[in-house]
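Structure below is structure-v7.pdb: PDB, C-alpha atoms.
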ATOM      1  CA  MET A   1     -18.221  34.333   8.864
ATOM      2  CA  PRO A   2     -17.839  31.848   5.972
ATOM      3  CA  VAL A   3     -17.995  33.512   2.545
ATOM      4  CA  ALA A   4     -20.513  31.009   1.165
ATOM      5  CA  PHE A   5     -22.845  31.697   4.101
ATOM      6  CA  ALA A   6     -22.587  35.468   3.539
ATOM      7  CA  VAL A   7     -23.503  35.021  -0.136
ATOM      8  CA  ARG A   8     -26.551  32.905   0.740
ATOM      9  CA  ARG A   9     -27.694  35.557   3.225
ATOM     10  CA  GLY A  10     -27.332  38.331   0.689
ATOM     11  CA  LEU A  11     -24.585  40.072   2.641
ATOM     12  CA  LEU A  12     -22.293  39.609  -0.375
ATOM     13  CA  THR A  13     -23.392  39.626  -3.985
ATOM     14  CA  THR A  14     -20.698  37.192  -5.109
ATOM     15  CA  ASN A  15     -17.980  35.010  -3.725
ATOM     16  CA  PRO A  16     -14.717  36.962  -4.142
ATOM     17  CA  CYS A  17     -12.786  33.720  -4.381
ATOM     18  CA  SER A  18     -14.600  32.916  -7.635
ATOM     19  CA  LEU A  19     -12.956  35.982  -9.228
ATOM     20  CA  LEU A  20      -9.442  34.667  -8.616
ATOM     21  CA  THR A  21      -7.482  33.226 -11.503
ATOM     22  CA  SER A  22      -5.840  29.811 -11.122
ATOM     23  CA  ASP A  23      -2.434  31.349 -10.373
ATOM     24  CA  GLU A  24      -3.969  33.612  -7.702
ATOM     25  CA  ARG A  25      -5.676  30.822  -5.793
ATOM     26  CA  PRO A  26      -3.830  29.379  -2.809
ATOM     27  CA  GLN A  27      -2.154  26.139  -3.773
ATOM     28  CA  ARG A  28      -3.091  23.061  -1.792
ATOM     29  CA  GLN A  29       0.068  21.457  -0.547
ATOM     30  CA  ARG A  30       0.386  17.763  -1.350
ATOM     31  CA  ARG A  31       1.682  15.500   1.367
ATOM     32  CA  GLU A  32       5.119  14.261   0.415
ATOM     33  CA  LYS A  33       5.218  10.495   0.165
ATOM     34  CA  HIS A  34       7.177   8.775   2.878
ATOM     35  CA  VAL A  35      10.299   7.072   1.525
ATOM     36  CA  TRP A  36      10.617   3.858   3.493
ATOM     37  CA  SER A  37      13.899   2.349   4.567
ATOM     38  CA  ASP A  38      14.430  -1.391   4.943
ATOM     39  CA  GLU A  39      14.837  -0.810   8.671
ATOM     40  CA  GLU A  40      11.404   0.816   8.899
ATOM     41  CA  VAL A  41       9.776  -2.045   7.000
ATOM     42  CA  ASP A  42      11.349  -4.559   9.389
ATOM     43  CA  ALA A  43      10.348  -2.443  12.397
ATOM     44  CA  LEU A  44       6.734  -2.265  11.199
ATOM     45  CA  ILE A  45       6.459  -6.029  10.766
ATOM     46  CA  ASN A  46       8.167  -6.695  14.107
ATOM     47  CA  ALA A  47       5.792  -4.266  15.820
ATOM     48  CA  ALA A  48       2.766  -6.026  14.306
ATOM     49  CA  GLU A  49       4.100  -9.356  15.567
ATOM     50  CA  GLN A  50       4.622  -7.918  19.063
ATOM     51  CA  ILE A  51       1.054  -6.630  19.159
ATOM     52  CA  ALA A  52      -0.309  -9.981  17.959
ATOM     53  CA  ALA A  53       1.584 -11.750  20.757
ATOM     54  CA  GLN A  54      -0.175  -9.734  23.461
ATOM     55  CA  PRO A  55      -2.888 -11.628  25.417
ATOM     56  CA  GLN A  56      -5.560  -9.062  24.539
ATOM     57  CA  ALA A  57      -4.886  -9.229  20.787
ATOM     58  CA  ARG A  58      -7.997 -10.091  18.761
ATOM     59  CA  TYR A  59      -6.267 -10.869  15.487
ATOM     60  CA  ASP A  60      -2.770 -11.290  14.050
ATOM     61  CA  TYR A  61      -2.374  -8.584  11.410
ATOM     62  CA  ALA A  62       1.364  -9.199  10.949
ATOM     63  CA  PRO A  63       0.982 -11.605   7.965
ATOM     64  CA  LEU A  64      -1.264  -9.121   6.164
ATOM     65  CA  ILE A  65       1.116  -6.228   6.808
ATOM     66  CA  ARG A  66       4.069  -8.313   5.620
ATOM     67  CA  THR A  67       2.188  -9.183   2.434
ATOM     68  CA  ALA A  68       1.275  -5.527   1.852
ATOM     69  CA  VAL A  69       4.827  -4.175   2.064
ATOM     70  CA  TYR A  70       6.309  -6.990  -0.028
ATOM     71  CA  THR A  71       3.697  -7.075  -2.817
ATOM     72  CA  GLY A  72       2.290  -3.527  -3.037
ATOM     73  CA  LEU A  73      -1.308  -4.710  -3.195
ATOM     74  CA  ARG A  74      -4.199  -2.344  -2.620
ATOM     75  CA  PRO A  75      -6.272  -2.976   0.548
ATOM     76  CA  GLY A  76      -9.193  -4.483  -1.369
ATOM     77  CA  GLU A  77      -6.823  -6.721  -3.336
ATOM     78  CA  LEU A  78      -5.233  -8.003  -0.129
ATOM     79  CA  LEU A  79      -8.620  -8.800   1.348
ATOM     80  CA  GLY A  80      -9.774 -10.393  -1.899
ATOM     81  CA  LEU A  81      -6.952 -12.938  -1.978
ATOM     82  CA  GLN A  82      -7.978 -16.591  -1.898
ATOM     83  CA  TRP A  83      -5.660 -19.547  -1.459
ATOM     84  CA  ALA A  84      -6.213 -20.594  -5.077
ATOM     85  CA  ASP A  85      -4.584 -17.311  -6.124
ATOM     86  CA  ILE A  86      -1.187 -18.509  -4.891
ATOM     87  CA  ASP A  87       0.708 -20.887  -7.169
ATOM     88  CA  PHE A  88       3.151 -22.457  -4.740
ATOM     89  CA  GLN A  89       4.789 -24.531  -7.457
ATOM     90  CA  GLU A  90       5.577 -21.624  -9.784
ATOM     91  CA  GLY A  91       5.995 -19.036  -7.038
ATOM     92  CA  VAL A  92       3.395 -16.609  -8.418
ATOM     93  CA  LEU A  93       0.620 -14.588  -6.807
ATOM     94  CA  TYR A  94      -2.429 -13.828  -8.985
ATOM     95  CA  ILE A  95      -4.634 -10.779  -8.417
ATOM     96  CA  ARG A  96      -8.114 -11.554  -9.762
ATOM     97  CA  ARG A  97     -10.587  -9.625  -7.605
ATOM     98  CA  GLN A  98     -10.981  -7.306  -4.638
ATOM     99  CA  TRP A  99     -13.088  -7.288  -1.473
ATOM    100  CA  THR A 100     -15.128  -4.100  -1.559
ATOM    101  CA  ARG A 101     -16.215  -1.806   1.263
ATOM    102  CA  SER A 102     -19.712  -3.185   0.674
ATOM    103  CA  ASN A 103     -18.373  -6.513   1.960
ATOM    104  CA  GLU A 104     -18.584  -8.403  -1.300
ATOM    105  CA  TYR A 105     -16.193  -9.600  -3.972
ATOM    106  CA  GLY A 106     -15.877  -7.360  -7.004
ATOM    107  CA  PRO A 107     -13.590  -6.713  -9.976
ATOM    108  CA  THR A 108     -10.236  -5.022  -9.514
ATOM    109  CA  LYS A 109     -10.034  -1.225  -9.596
ATOM    110  CA  THR A 110      -9.145  -1.286 -13.318
ATOM    111  CA  PRO A 111      -8.565  -4.082 -15.842
ATOM    112  CA  ALA A 112      -4.821  -3.617 -15.230
ATOM    113  CA  GLY A 113      -5.449  -4.686 -11.648
ATOM    114  CA  VAL A 114      -5.746  -8.274 -12.844
ATOM    115  CA  ARG A 115      -2.107  -9.303 -12.800
ATOM    116  CA  ARG A 116       0.533 -11.765 -11.644
ATOM    117  CA  ILE A 117       3.286 -11.024  -9.151
ATOM    118  CA  PRO A 118       6.398 -13.222  -8.994
ATOM    119  CA  LEU A 119       7.193 -14.225  -5.428
ATOM    120  CA  PRO A 120      10.645 -14.817  -3.932
ATOM    121  CA  LYS A 121      11.142 -18.223  -2.344
ATOM    122  CA  GLU A 122      11.053 -16.666   1.124
ATOM    123  CA  LEU A 123       7.552 -15.300   0.518
ATOM    124  CA  VAL A 124       6.381 -18.597  -0.965
ATOM    125  CA  ALA A 125       7.581 -20.363   2.195
ATOM    126  CA  PHE A 126       5.830 -17.708   4.290
ATOM    127  CA  PHE A 127       2.498 -18.302   2.517
ATOM    128  CA  ARG A 128       2.899 -22.075   2.742
ATOM    129  CA  GLU A 129       3.424 -21.889   6.503
ATOM    130  CA  LEU A 130       0.523 -19.439   6.860
ATOM    131  CA  LYS A 131      -1.781 -21.836   5.005
ATOM    132  CA  LEU A 132      -0.744 -24.752   7.215
ATOM    133  CA  ARG A 133      -1.602 -22.706  10.320
ATOM    134  CA  SER A 134      -4.911 -21.492   8.954
ATOM    135  CA  THR A 135      -8.175 -23.137   9.962
ATOM    136  CA  ARG A 136      -9.619 -22.098   6.607
ATOM    137  CA  SER A 137      -7.319 -23.278   3.852
ATOM    138  CA  GLY A 138      -9.683 -24.307   1.051
ATOM    139  CA  ASP A 139      -9.060 -22.933  -2.440
ATOM    140  CA  GLU A 140     -11.883 -20.386  -2.145
ATOM    141  CA  ASP A 141     -11.181 -19.427   1.474
ATOM    142  CA  PRO A 142      -9.732 -15.949   2.069
ATOM    143  CA  VAL A 143      -6.023 -15.842   2.795
ATOM    144  CA  PHE A 144      -6.798 -13.281   5.506
ATOM    145  CA  ALA A 145     -10.034 -14.624   6.947
ATOM    146  CA  SER A 146     -11.984 -13.301   9.895
ATOM    147  CA  LYS A 147     -13.164 -15.645  12.630
ATOM    148  CA  ARG A 148     -16.393 -16.022  10.650
ATOM    149  CA  GLY A 149     -14.466 -17.153   7.595
ATOM    150  CA  THR A 150     -15.138 -14.012   5.558
ATOM    151  CA  PRO A 151     -12.447 -11.527   4.464
ATOM    152  CA  LEU A 152     -11.486  -8.918   7.052
ATOM    153  CA  GLY A 153     -13.164  -5.525   6.956
ATOM    154  CA  HIS A 154     -11.414  -2.508   5.455
ATOM    155  CA  ARG A 155     -11.653  -0.378   8.589
ATOM    156  CA  ASN A 156      -9.930  -2.961  10.755
ATOM    157  CA  LEU A 157      -6.892  -2.974   8.484
ATOM    158  CA  SER A 158      -6.033   0.571   9.454
ATOM    159  CA  GLN A 159      -7.470   1.046  12.913
ATOM    160  CA  ARG A 160      -6.592  -2.332  14.434
ATOM    161  CA  GLY A 161      -3.786  -3.473  12.179
ATOM    162  CA  PHE A 162      -1.593  -0.823  10.616
ATOM    163  CA  GLU A 163      -1.947   2.215  12.886
ATOM    164  CA  PRO A 164      -0.996   0.495  16.172
ATOM    165  CA  ALA A 165       1.977  -1.205  14.473
ATOM    166  CA  ALA A 166       3.225   2.027  12.894
ATOM    167  CA  SER A 167       2.893   3.824  16.233
ATOM    168  CA  LEU A 168       4.817   1.120  18.093
ATOM    169  CA  ALA A 169       7.501   1.147  15.383
ATOM    170  CA  GLY A 170       7.855   4.926  15.713
ATOM    171  CA  ILE A 171       6.931   5.607  12.070
ATOM    172  CA  GLU A 172       4.954   8.850  11.874
ATOM    173  CA  ASN A 173       2.643  10.476   9.320
ATOM    174  CA  VAL A 174       1.962   7.312   7.325
ATOM    175  CA  THR A 175      -1.234   5.521   6.328
ATOM    176  CA  PHE A 176      -2.081   1.969   5.323
ATOM    177  CA  HIS A 177      -1.869   3.030   1.678
ATOM    178  CA  ASP A 178       1.717   4.155   2.261
ATOM    179  CA  MET A 179       2.754   0.500   2.436
ATOM    180  CA  ARG A 180       2.064   0.447  -1.284
ATOM    181  CA  HIS A 181       4.612   3.245  -1.622
ATOM    182  CA  ALA A 182       6.999   1.252   0.557
ATOM    183  CA  PHE A 183       6.858  -1.536  -1.999
ATOM    184  CA  ALA A 184       7.432   0.878  -4.885
ATOM    185  CA  SER A 185      10.378   2.491  -3.059
ATOM    186  CA  ARG A 186      12.022  -0.884  -2.546
ATOM    187  CA  MET A 187      11.535  -1.889  -6.187
ATOM    188  CA  ILE A 188      12.977   1.374  -7.510
ATOM    189  CA  ALA A 189      15.947   1.176  -5.128
ATOM    190  CA  ARG A 190      16.642  -2.302  -6.502
ATOM    191  CA  GLY A 191      16.650  -1.190 -10.139
ATOM    192  CA  ILE A 192      13.130  -2.061 -11.308
ATOM    193  CA  GLU A 193      12.134   0.120 -14.263
ATOM    194  CA  ALA A 194       8.867   1.993 -14.764
ATOM    195  CA  VAL A 195       7.226  -0.469 -17.182
ATOM    196  CA  THR A 196       7.737  -3.406 -14.847
ATOM    197  CA  LEU A 197       6.707  -1.447 -11.759
ATOM    198  CA  ALA A 198       3.513  -0.277 -13.475
ATOM    199  CA  LYS A 199       2.538  -3.899 -14.108
ATOM    200  CA  LEU A 200       3.346  -4.931 -10.548
ATOM    201  CA  MET A 201       1.342  -2.032  -9.131
ATOM    202  CA  GLY A 202      -1.621  -2.644 -11.431
ATOM    203  CA  HIS A 203      -1.467   0.826 -12.979
ATOM    204  CA  GLU A 204      -3.537   1.151 -16.123
ATOM    205  CA  ASP A 205      -1.293   3.870 -17.558
ATOM    206  CA  ILE A 206       2.483   4.002 -17.098
ATOM    207  CA  ARG A 207       2.150   7.783 -16.793
ATOM    208  CA  GLU A 208       0.518   7.206 -13.406
ATOM    209  CA  THR A 209       3.623   5.328 -12.294
ATOM    210  CA  LEU A 210       5.966   7.983 -13.634
ATOM    211  CA  ASN A 211       3.961  10.871 -12.178
ATOM    212  CA  THR A 212       3.800   9.208  -8.774
ATOM    213  CA  TYR A 213       7.356   7.917  -8.463
ATOM    214  CA  ALA A 214       9.485   9.999 -10.827
ATOM    215  CA  GLY A 215      11.094  11.704  -7.837
ATOM    216  CA  LEU A 216      12.294   8.378  -6.454
ATOM    217  CA  TRP A 217      13.931   7.392  -9.738
ATOM    218  CA  ASP A 218      15.574  10.815  -9.974
ATOM    219  CA  ARG A 219      16.798  10.560  -6.391
ATOM    220  CA  THR A 220      18.208   7.074  -6.958
ATOM    221  CA  ARG A 221      20.106   8.152 -10.061
ATOM    222  CA  THR A 222      21.328  11.382  -8.472
ATOM    223  CA  ASP A 223      22.463   9.681  -5.274
ATOM    224  CA  GLU A 224      24.424   7.090  -7.216
ATOM    225  CA  ALA A 225      26.055   9.771  -9.378
ATOM    226  CA  VAL A 226      27.055  11.713  -6.267
ATOM    227  CA  ARG A 227      28.499   8.580  -4.636
ATOM    228  CA  GLN A 228      30.602   7.826  -7.707
ATOM    229  CA  ALA A 229      31.810  11.413  -7.951
ATOM    230  CA  MET A 230      32.779  11.458  -4.282
ATOM    231  CA  ALA A 231      34.511   8.072  -4.476
ATOM    232  CA  ALA A 232      36.629   9.230  -7.398
ATOM    233  CA  ARG A 233      38.189  11.885  -5.167
ATOM    234  CA  VAL A 234      38.889   9.718  -2.135
TER     235      VAL A 234
END
Turn this file's structure into structure tokens for me.
Amino acid sequence: MPVAFAVRRGLLTTNPCSLLTSDERPQRQRREKHVWSDEEVDALINAAEQIAAQPQARYDYAPLIRTAVYTGLRPGELLGLQWADIDFQEGVLYIRRQWTRSNEYGPTKTPAGVRRIPLPKELVAFFRELKLRSTRSGDEDPVFASKRGTPLGHRNLSQRGFEPAASLAGIENVTFHDMRHAFASRMIARGIEAVTLAKLMGHEDIRETLNTYAGLWDRTRTDEAVRQAMAARV
């Protein structure tokens, strides 16, 4: 019988759990963030492309998934992208808004969410080709438009886009949001420091970046130290 129910029925005078101190309460275990490898990122994108190529596919989610893992954008920011937000000449992506779960444009999660992300030439070429293929390529058209011309819905990103691709790629216990961590993992592995990563991620406080990804920086430094120590004895 649930304790709360017993209290309401008068079978218990108080909830015994309320008498526990913070150190006596059972600790909720936090799910450890998945550390993505380059091979897993490639496998995820390839899986999304395979699914899109199937005759029964309703939509090609591969471009959106590729953008997510290479830019670290939040779901609403991805859906809120318009073609005018991509500066093809300068190679910069601007985050100016998000598409909310109420199916309307709104401000970014925090003021820090308004930001610019430098794009490598490969990603610029990818967006240019995507725009040429798109039937809706006006400045205010969504980069990832539905057949009706509106941004895609949030639920479809996970259920129809990410989850089938992750399953086909054999990547377990991950969510759509974990692609944001995939981006952070790649940046840290390539030497990007906390201040820069915080700006790229749109974190309002650098402490959020450090609290979330400190373990990855520690692991990177430790692994490199171990490699050097081992090499010195070979």
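Taking CA of Glu104 (chain A) and CA of Ala165 (chain A) as endpoints, the distance between them is 26.9 Å.
Among the candidate residues A:Ile171, A:Tyr70, A:Arg128, A:Tyr61, the one lying nearest to Met187 (chain A) is A:Tyr70, with distances computed using all atoms listed in the file.
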Neighbours of Tyr105 (chain A) within 10 Å (only C-alpha atoms; same-chain residues fewer than 2 positions away dropped), as number ranges by chain? A: 76-77, 79-80, 97-103, 107-108, 151
Given the file shown, determine the residues that the PyMOL selection byres ((chain A and resi 138) around 9) selects; report them as a ChimeraX atom specification. /A:82-84,136-137,139-142
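Our summary of the geometry notes that CA of Ile86 (chain A) is positioned 17.0 Å from CA of Val69 (chain A).
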List as number ranges by chain the protein and nucleic acid residues near region 51-56 of chain A, meaning an atom at most 12 Å away when all atoms listed in the file are counted, but skip any in the same chain fewer than 2 places from it. A: 44-49, 58-65, 160-169
Going by the chain IDs and residue numbers used in this file, which residues fall under the PyMOL selection byres ((chain A and resi 202) around 9)? Write them as a list of chain:residue names. A:Leu73, A:Lys109, A:Thr110, A:Pro111, A:Ala112, A:Gly113, A:Val114, A:Arg115, A:Leu197, A:Ala198, A:Lys199, A:Leu200, A:Met201, A:His203, A:Glu204, A:Asp205
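Note that the spacing between CA of Glu39 (chain A) and CA of Asp223 (chain A) amounts to 19.0 Å.
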Give me, as JSON lines, each residue of region 153-227 of chain A that comes within 8 Å of region 35-38 of chain A, together with its shortest interatomic pair and the distance in Å at one decimal, counting all atoms listed in the file, with rows ordered by chain and rising residue number.
{"residue": "A:His181", "atom": "CA", "partner": "A:Val35", "partner_atom": "CA", "distance": 7.5}
{"residue": "A:Ala182", "atom": "CA", "partner": "A:Trp36", "partner_atom": "CA", "distance": 5.3}
{"residue": "A:Ser185", "atom": "CA", "partner": "A:Val35", "partner_atom": "CA", "distance": 6.5}
{"residue": "A:Arg186", "atom": "CA", "partner": "A:Trp36", "partner_atom": "CA", "distance": 7.8}
For the selection you just gave me, I'd like the residues written to a file as a compact mmCIF listing (two decimals), keeping the file's coordinate frame, keeping C-alpha atoms.
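result-v3.txt, freshly written:
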# COMPACT_ATOMS: atom_id res chain seq x y z
CA HIS A 181 4.61 3.24 -1.62
CA ALA A 182 7.00 1.25 0.56
CA SER A 185 10.38 2.49 -3.06
CA ARG A 186 12.02 -0.88 -2.55
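Proximity ranking of A:Gly170, A:Val143, A:Tyr213, A:Thr135 relative to Ile192 (chain A) places A:Tyr213 first, based on all atoms listed in the file.
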Mind working out the centre and edge lengths of an axis-aligned box for region 38-51 of chain A, all listed atoms inside, 3 Å added to each side, rounded to one decimal in Å and written as lines of an AutoDock Vina configuration file?
center_x = 7.9
center_y = -4.3
center_z = 12.1
size_x = 19.8
size_y = 16.2
size_z = 20.2
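Residues in contact with Arg180 (chain A) at up to 8 Å, not including ones fewer than 2 positions away on its chain and judged by only C-alpha atoms, are A:Ala68, A:Val69, A:Thr71, A:Gly72, A:Leu73, A:Arg74, A:Phe176, A:His177, A:Asp178, A:Ala182, A:Phe183, A:Ala184.
Each of A:Arg190, A:Lys33, A:Arg207, A:Lys131 was checked against Ala145 (chain A) using all atoms listed in the file; the smallest atom-to-atom distance is that of A:Lys131.
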